[in-house]
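Trainee: Take this structure, written in structure tokens, and hold onto it; I'll ask about it next.
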Amino acid sequence: MSPAGLFLLVFLLLFCGRQPALTGNVLIWPGEHSHWTNMKCILNELMDRNHNVTVLLSSASPSINHTENYHFEVFEVPFSKTELAGILEEFFYFSMYESTSASFVRVFLKTRELLGKMLILQRQQCNAILRNKLLLDKLRKSQYEVLISDPMNACGELVADSLNLPFIFSLRLSFAYTLERLCGQMPAPRSFVPAVPLQYTDKMSFTQRIKNLLFYLAHDVIFYVWTFSNWNQYYSEITGRPTTFCETMGKADIWLIRTYWDFEYPRPFLPNFQFVGGLHCKPAKPLPENMEEFVQSSGDDGIVVFSLGSMVKNLTREKANIIASALGQIPQKVLWRYSGEKPDTLSPNTRVYDWIPQNDLLGHPKTKVFITHGGTNGIYEAIYHGVPMVGIPLFGDQPDNMMHMKTKGAAVVVDFNNMESKDLVDALSTVINDTSYRENAMRLSRIHHDQPMTPLERAVFWIEFVMRHKGAKHLRVQAHNLAWYQYHSLDVIAVLLAATAAVVFVLIKSCGFCFRRCCRRAKAKPKKE
């Protein structure tokens with residue numbers, strides 16, 4: 001065969017063997033801060049596959065740069081970035097420094113106050129798009145095929161409903177799995193699925209199971225009261241039909257959960273729940289030249305990578321000095337992401353950066369341990385690269401996240417509020433010198449990598465699946481269409497109990513009747529004689 005013929009044959013084989021590429025229009029309703037990091041990975045992969053992606057963004061977004069190389073549809077809201085950032089900073093400060101020493105009543109009132117402030121801004125943001133007829137008409141004309149939403153940013157499901165789009169949630173499991181259980185109908189047996197804030201494992205004692213059950217019940221009541229008083233009527237107004245917050249959220253076609261079985265305890269889940277933890281992780285790239293020089297100067301001792309995440313930019317002077325003093329007592333070099341005031345006790349072995357290439361540092365062969373606040377993104381980067389951790393959880397789901405890593409033998413946890421320099425030094429020495437922590441971290445890493453497709457590929461597959469099939473309603477369980485008493489079979493139990501009671505009643509009456517007849521006959525017989 002001539003070279004030209006051979007070339008033509010190879011071209012035809014390649015062309016005919018290729019699957020037709022699906023390209024479509026995707027609308028993104030993103031979360032903020034670390035949630036945006038995960039969403040960006042999905043967004044980038046969709047764009048690499050030639051999908052047209054639009055990010056629907058408020059003008060007051062505190063963490064998403066409108067000038068990034070994406071197509072943004074920015075809508076105006078009647079509040080500023082400063083106002084929103086102020087509420088978030090107040091919440092973080094209260095959670096980190098005041099909540100542990102405050103009374104239950106004080107914590108409850110302060111939390112309600114902050115949630116009330118946030119609710120006002122969320123409602124204003126929802127109104128800015130859902131009552132904006134011109135913007136909704138513009139979005140309809142764009143003919144989107146799916147909306148991907150982070151439910152931590154309210155009203156994404158209402159946007160999808162208004163545009164008549166199938167929608168997909170991307171989230172980390174919520175407190176007490178509330179959204180997933182009550183809205184997504186995901187099973188959560190209280191006997192072995194611990195509620196997130198309790199820091200229990202799946203092996204609970206009798207007392208812990210009591211507390212776990214009571215916490216689930218209390219959280220359900222709080223959730224239903226909160227949604228009933230704040231959202232249900234609003235959702236009915238926007239949709240134009242009687243509905244609830246939870247019913248609308250429950251219409252999600254796919255739930256992309258940002259964890260996996262390297263992190264989670266085994267538990268039941270539904271076919272429209274897909275676990276994609278670590279979708280943002282990737283192989284390490286070379287470090288900047290000056291950073292690489294500092295890393296190499298550590299010699300055989302190696303380095304420690306330290307970050308408290310993107311949300312915490314500052315610490316009190318006292319806490320910063322405690323941490324810096326501890327870091328100065330270890331032989332390793334330390335790279336610390338911190339944009340606050342430089343601590344007085346900072347040692348030569350520690351360098352402070354406003355930003356660090358965290359994933360690349362964790363993938364560096366000289367990294368010995370990762371000091372983390374327990375955010376899911378950082379934990380998964382450590383799992384991906386097989387790096388053991390020292391956890392300093394601050395608030396939210398972070399204590400529970402670190403409990404998972406501690407239970408799996410890959411981390412030591414330090415109490416942020418009661419931490420002294422010695423506590424941090426001891427934790428670092430334990431993780432660095434006890435080889436079991438490195439071995440357990442590597443074991444989790446092997447589990448994470450041993451998947452038929454990467455978490456990002458799985459996430460994008462299900463997004464494209466929904467686009468191809470105009471939704472995935474066939475994966476939603478019938479529980480969504482049952483009343484609560486039907487779901488728990490209370491109507492069936494009531495009928496069976498009633499039937500049993502009726503049978504028992506008839507038997508008792510019949511026996512009583514027969515007994516009385518026999519007694520009357522026995523009494524009448526001697527009189528005849």
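Going by the structure tokens order, chains are called A, B, ..., each with residues numbered from 1, while ligands are numbered from 1 in the order shown.
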If you run DSSP on this backbone, which residues of range 161-374 of chain A come out as strand (DSSP E or B), and could you give them as number ranges by chain?

Mentor: A: 167-171, 254-257, 273-275, 303-307, 333-337, 350-353, 367-372

Trainee: Could you name the residues that touch Phe206 in chain A at 12 Å or less, counting only C-alpha atoms, but leaving out those on the same chain fewer than 6 positions away, as a PyMOL selection string?

Mentor: chain A and resi 190-192+212-213

Trainee: Keeping C-alpha atoms for every residue in the selection just given, could you write it to a file as a compact mmCIF listing (two decimals), in the first residue's frame?

Mentor:
```txt
# COMPACT_ATOMS: atom_id res chain seq x y z
CA ARG A 190 -28.72 6.36 63.13
CA SER A 191 -27.23 3.19 64.64
CA PHE A 192 -24.01 3.41 62.60
CA ASN A 212 -26.75 10.40 67.90
CA LEU A 213 -30.48 9.67 67.61
```

Trainee: Excluding range 107-115 of chain A and residues on its chain fewer than 4 positions from it, collect all residues at most 12 Å away from it, counting only C-alpha atoms, and give them as a list in words.

Mentor: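 Final neighbour list, sorted by chain and number: Leu84, Gly86, Ile87, Leu88, Glu89, Glu90, Phe91, Phe92, Tyr93, Phe94, Ser95, Tyr97, Glu98, Ser99, Thr100, Ser101, Ala102, Ser103, Leu119, Ile120, Leu121, Gln122, Arg123, Ile222, Trp226 and Asn230 of chain A.
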
Trainee: What would the file look like if the residues just selected were written as a compact mmCIF listing (two decimals), in the first residue's frame with C-alpha atoms?

Mentor:
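Result saved to again02.txt:
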```txt
# COMPACT_ATOMS: atom_id res chain seq x y z
CA LEU A 84 -21.13 40.08 53.01
CA GLY A 86 -18.11 41.37 57.29
CA ILE A 87 -20.81 38.86 58.27
CA LEU A 88 -18.58 35.94 57.27
CA GLU A 89 -15.63 37.29 59.25
CA GLU A 90 -17.87 37.83 62.29
CA PHE A 91 -19.08 34.24 62.00
CA PHE A 92 -15.54 32.85 61.68
CA TYR A 93 -14.23 34.88 64.62
CA PHE A 94 -17.13 33.85 66.85
CA SER A 95 -16.76 30.17 65.88
CA TYR A 97 -12.59 32.18 69.61
CA GLU A 98 -15.88 32.71 71.46
CA SER A 99 -18.22 29.78 70.86
CA THR A 100 -16.25 27.23 72.89
CA SER A 101 -16.28 29.31 76.08
CA ALA A 102 -19.74 30.84 75.65
CA SER A 103 -22.90 29.41 77.21
CA LEU A 119 -30.70 35.08 55.34
CA ILE A 120 -31.52 38.69 54.45
CA LEU A 121 -28.63 38.86 51.99
CA GLN A 122 -29.48 35.46 50.51
CA ARG A 123 -33.09 36.50 49.96
CA ILE A 222 -34.69 22.83 63.67
CA TRP A 226 -36.23 27.08 59.81
CA ASN A 230 -38.06 31.36 56.17
```

Trainee: Neighbouring residues of Gln332 in chain A were defined as those with any atom within 7 Å, considering only C-alpha atoms; residues of the same chain fewer than 2 positions away were excluded. Please report them as a VMD selection string.

Mentor: chain A and resid 298 301 to 304 330 334

Trainee: Write the residues of the preceding selection, restricted to N, CA and C atoms, as an mmCIF file, in the first residue's frame.

Mentor:
```cif
data_model
loop_
_atom_site.group_PDB
_atom_site.id
_atom_site.type_symbol
_atom_site.label_atom_id
_atom_site.label_comp_id
_atom_site.auth_asym_id
_atom_site.auth_seq_id
_atom_site.Cartn_x
_atom_site.Cartn_y
_atom_site.Cartn_z
ATOM 1 N N SER A 298 16.317 21.966 53.464
ATOM 2 C CA SER A 298 15.882 21.221 54.651
ATOM 3 C C SER A 298 16.670 19.935 54.848
ATOM 4 N N ASP A 301 15.852 16.233 56.937
ATOM 5 C CA ASP A 301 14.742 16.502 57.861
ATOM 6 C C ASP A 301 13.431 16.752 57.125
ATOM 7 N N GLY A 302 13.517 17.298 55.920
ATOM 8 C CA GLY A 302 12.315 17.544 55.138
ATOM 9 C C GLY A 302 11.570 18.804 55.560
ATOM 10 N N ILE A 303 10.333 18.914 55.079
ATOM 11 C CA ILE A 303 9.553 20.131 55.303
ATOM 12 C C ILE A 303 8.185 19.813 55.896
ATOM 13 N N VAL A 304 7.604 20.852 56.489
ATOM 14 C CA VAL A 304 6.225 20.816 56.986
ATOM 15 C C VAL A 304 5.436 21.870 56.222
ATOM 16 N N ILE A 330 11.096 22.506 65.865
ATOM 17 C CA ILE A 330 11.264 21.260 65.115
ATOM 18 C C ILE A 330 12.389 21.427 64.111
ATOM 19 N N VAL A 334 9.613 24.925 57.524
ATOM 20 C CA VAL A 334 8.151 25.066 57.507
ATOM 21 C C VAL A 334 7.752 26.135 56.498
#
```

Trainee: Within 7 Å of Asp262 in chain A, counting only C-alpha atoms, which residues show up once you throw out same-chain ones fewer than 2 positions away? Write them as JSON, numbers by chain, please.

Mentor: {"A": [260, 264, 444, 447, 448]}

Trainee: Check range 14-176 of chain A with DSSP on the backbone and list each residue it calls alpha helix (DSSP H), as a ChimeraX atom specification.

Mentor: /A:14-17,34-48,81-93,104-130,133-141,156-163

Trainee: What lies within 9 Å of Ala320 in chain A using only C-alpha atoms, ignoring chain neighbours under 5 positions off, as a list in words?

Mentor: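 Here the qualifying residues turn out to be Asn314, Leu315, Ser325, Gly340, Glu341, Lys342, Pro343, Asp344, Thr345 and Leu346 of chain A.
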
Trainee: Would you mind exporting N, CA and C atoms of the selected residues as a PDB file, in the first residue's frame?

Mentor:
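Contents of selection_21.pdb, freshly written:
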```pdb
ATOM      1  N   ASN A 314      -6.221  35.543  59.281  1.00  0.00           N
ATOM      2  CA  ASN A 314      -5.568  36.191  60.412  1.00  0.00           C
ATOM      3  C   ASN A 314      -5.856  35.416  61.690  1.00  0.00           C
ATOM      4  N   LEU A 315      -4.954  35.524  62.658  1.00  0.00           N
ATOM      5  CA  LEU A 315      -5.117  34.944  63.978  1.00  0.00           C
ATOM      6  C   LEU A 315      -4.835  36.020  65.014  1.00  0.00           C
ATOM      7  N   SER A 325       6.156  29.745  67.748  1.00  0.00           N
ATOM      8  CA  SER A 325       7.114  29.221  68.715  1.00  0.00           C
ATOM      9  C   SER A 325       7.259  27.709  68.578  1.00  0.00           C
ATOM     10  N   GLY A 340      -1.608  37.276  58.046  1.00  0.00           N
ATOM     11  CA  GLY A 340      -1.765  38.171  59.184  1.00  0.00           C
ATOM     12  C   GLY A 340      -0.451  38.827  59.578  1.00  0.00           C
ATOM     13  N   GLU A 341      -0.463  39.509  60.704  1.00  0.00           N
ATOM     14  CA  GLU A 341       0.731  40.176  61.205  1.00  0.00           C
ATOM     15  C   GLU A 341       1.809  39.147  61.541  1.00  0.00           C
ATOM     16  N   LYS A 342       3.041  39.449  61.178  1.00  0.00           N
ATOM     17  CA  LYS A 342       4.147  38.519  61.381  1.00  0.00           C
ATOM     18  C   LYS A 342       4.355  38.257  62.866  1.00  0.00           C
ATOM     19  N   PRO A 343       4.353  36.992  63.318  1.00  0.00           N
ATOM     20  CA  PRO A 343       4.511  36.688  64.748  1.00  0.00           C
ATOM     21  C   PRO A 343       5.890  37.094  65.272  1.00  0.00           C
ATOM     22  N   ASP A 344       5.932  37.507  66.524  1.00  0.00           N
ATOM     23  CA  ASP A 344       7.205  37.887  67.152  1.00  0.00           C
ATOM     24  C   ASP A 344       8.114  36.685  67.346  1.00  0.00           C
ATOM     25  N   THR A 345       7.548  35.499  67.491  1.00  0.00           N
ATOM     26  CA  THR A 345       8.336  34.301  67.796  1.00  0.00           C
ATOM     27  C   THR A 345       8.711  33.508  66.541  1.00  0.00           C
ATOM     28  N   LEU A 346       8.548  34.103  65.370  1.00  0.00           N
ATOM     29  CA  LEU A 346       8.852  33.401  64.124  1.00  0.00           C
ATOM     30  C   LEU A 346      10.339  33.061  64.053  1.00  0.00           C
TER      31      LEU A 346
END
```

Trainee: Could you pull the residues within 10 Å of Lys285 in chain A, counting only C-alpha atoms, minus those fewer than 5 positions along the same chain, as an MDAnalysis selection string?

Mentor: chainID A and resid 357 359:361 363:364

Trainee: Take the residues from that selection and write them out as a PDB file, in the first residue's frame, keeping all heavy atoms.

Mentor:
```
ATOM      1  N   PRO A 357       1.601  27.070  46.781  1.00  0.00           N
ATOM      2  CA  PRO A 357       1.069  26.027  45.881  1.00  0.00           C
ATOM      3  C   PRO A 357       0.892  24.728  46.670  1.00  0.00           C
ATOM      4  O   PRO A 357       1.729  23.824  46.623  1.00  0.00           O
ATOM      5  CB  PRO A 357       2.155  25.912  44.806  1.00  0.00           C
ATOM      6  CG  PRO A 357       3.413  26.327  45.500  1.00  0.00           C
ATOM      7  CD  PRO A 357       3.015  27.355  46.514  1.00  0.00           C
ATOM      8  N   ASN A 359      -0.960  21.975  46.721  1.00  0.00           N
ATOM      9  CA  ASN A 359      -0.959  20.653  46.096  1.00  0.00           C
ATOM     10  C   ASN A 359       0.448  20.254  45.665  1.00  0.00           C
ATOM     11  O   ASN A 359       0.871  19.108  45.853  1.00  0.00           O
ATOM     12  CB  ASN A 359      -1.906  20.652  44.889  1.00  0.00           C
ATOM     13  CG  ASN A 359      -1.962  19.305  44.203  1.00  0.00           C
ATOM     14  OD1 ASN A 359      -2.563  18.355  44.701  1.00  0.00           O
ATOM     15  ND2 ASN A 359      -1.319  19.199  43.042  1.00  0.00           N
ATOM     16  N   ASP A 360       1.204  21.208  45.102  1.00  0.00           N
ATOM     17  CA  ASP A 360       2.556  20.910  44.638  1.00  0.00           C
ATOM     18  C   ASP A 360       3.493  20.644  45.810  1.00  0.00           C
ATOM     19  O   ASP A 360       4.381  19.790  45.724  1.00  0.00           O
ATOM     20  CB  ASP A 360       3.083  22.075  43.790  1.00  0.00           C
ATOM     21  CG  ASP A 360       2.171  22.389  42.605  1.00  0.00           C
ATOM     22  OD1 ASP A 360       1.510  21.453  42.124  1.00  0.00           O
ATOM     23  OD2 ASP A 360       2.112  23.552  42.191  1.00  0.00           O
ATOM     24  N   LEU A 361       3.304  21.351  46.910  1.00  0.00           N
ATOM     25  CA  LEU A 361       4.128  21.119  48.096  1.00  0.00           C
ATOM     26  C   LEU A 361       3.818  19.765  48.726  1.00  0.00           C
ATOM     27  O   LEU A 361       4.725  19.038  49.152  1.00  0.00           O
ATOM     28  CB  LEU A 361       3.901  22.234  49.117  1.00  0.00           C
ATOM     29  CG  LEU A 361       4.589  23.569  48.821  1.00  0.00           C
ATOM     30  CD1 LEU A 361       4.047  24.660  49.739  1.00  0.00           C
ATOM     31  CD2 LEU A 361       6.102  23.447  48.999  1.00  0.00           C
ATOM     32  N   GLY A 363       2.831  17.200  47.225  1.00  0.00           N
ATOM     33  CA  GLY A 363       3.358  16.164  46.349  1.00  0.00           C
ATOM     34  C   GLY A 363       4.874  16.137  46.285  1.00  0.00           C
ATOM     35  O   GLY A 363       5.452  15.306  45.585  1.00  0.00           O
ATOM     36  N   HIS A 364       5.546  17.021  47.011  1.00  0.00           N
ATOM     37  CA  HIS A 364       7.010  17.067  46.993  1.00  0.00           C
ATOM     38  C   HIS A 364       7.571  15.938  47.862  1.00  0.00           C
ATOM     39  O   HIS A 364       7.067  15.681  48.960  1.00  0.00           O
ATOM     40  CB  HIS A 364       7.499  18.423  47.513  1.00  0.00           C
ATOM     41  CG  HIS A 364       8.907  18.742  47.129  1.00  0.00           C
ATOM     42  ND1 HIS A 364       9.994  18.155  47.730  1.00  0.00           N
ATOM     43  CD2 HIS A 364       9.413  19.578  46.170  1.00  0.00           C
ATOM     44  CE1 HIS A 364      11.104  18.619  47.181  1.00  0.00           C
ATOM     45  NE2 HIS A 364      10.784  19.483  46.238  1.00  0.00           N
TER      46      HIS A 364
END
```
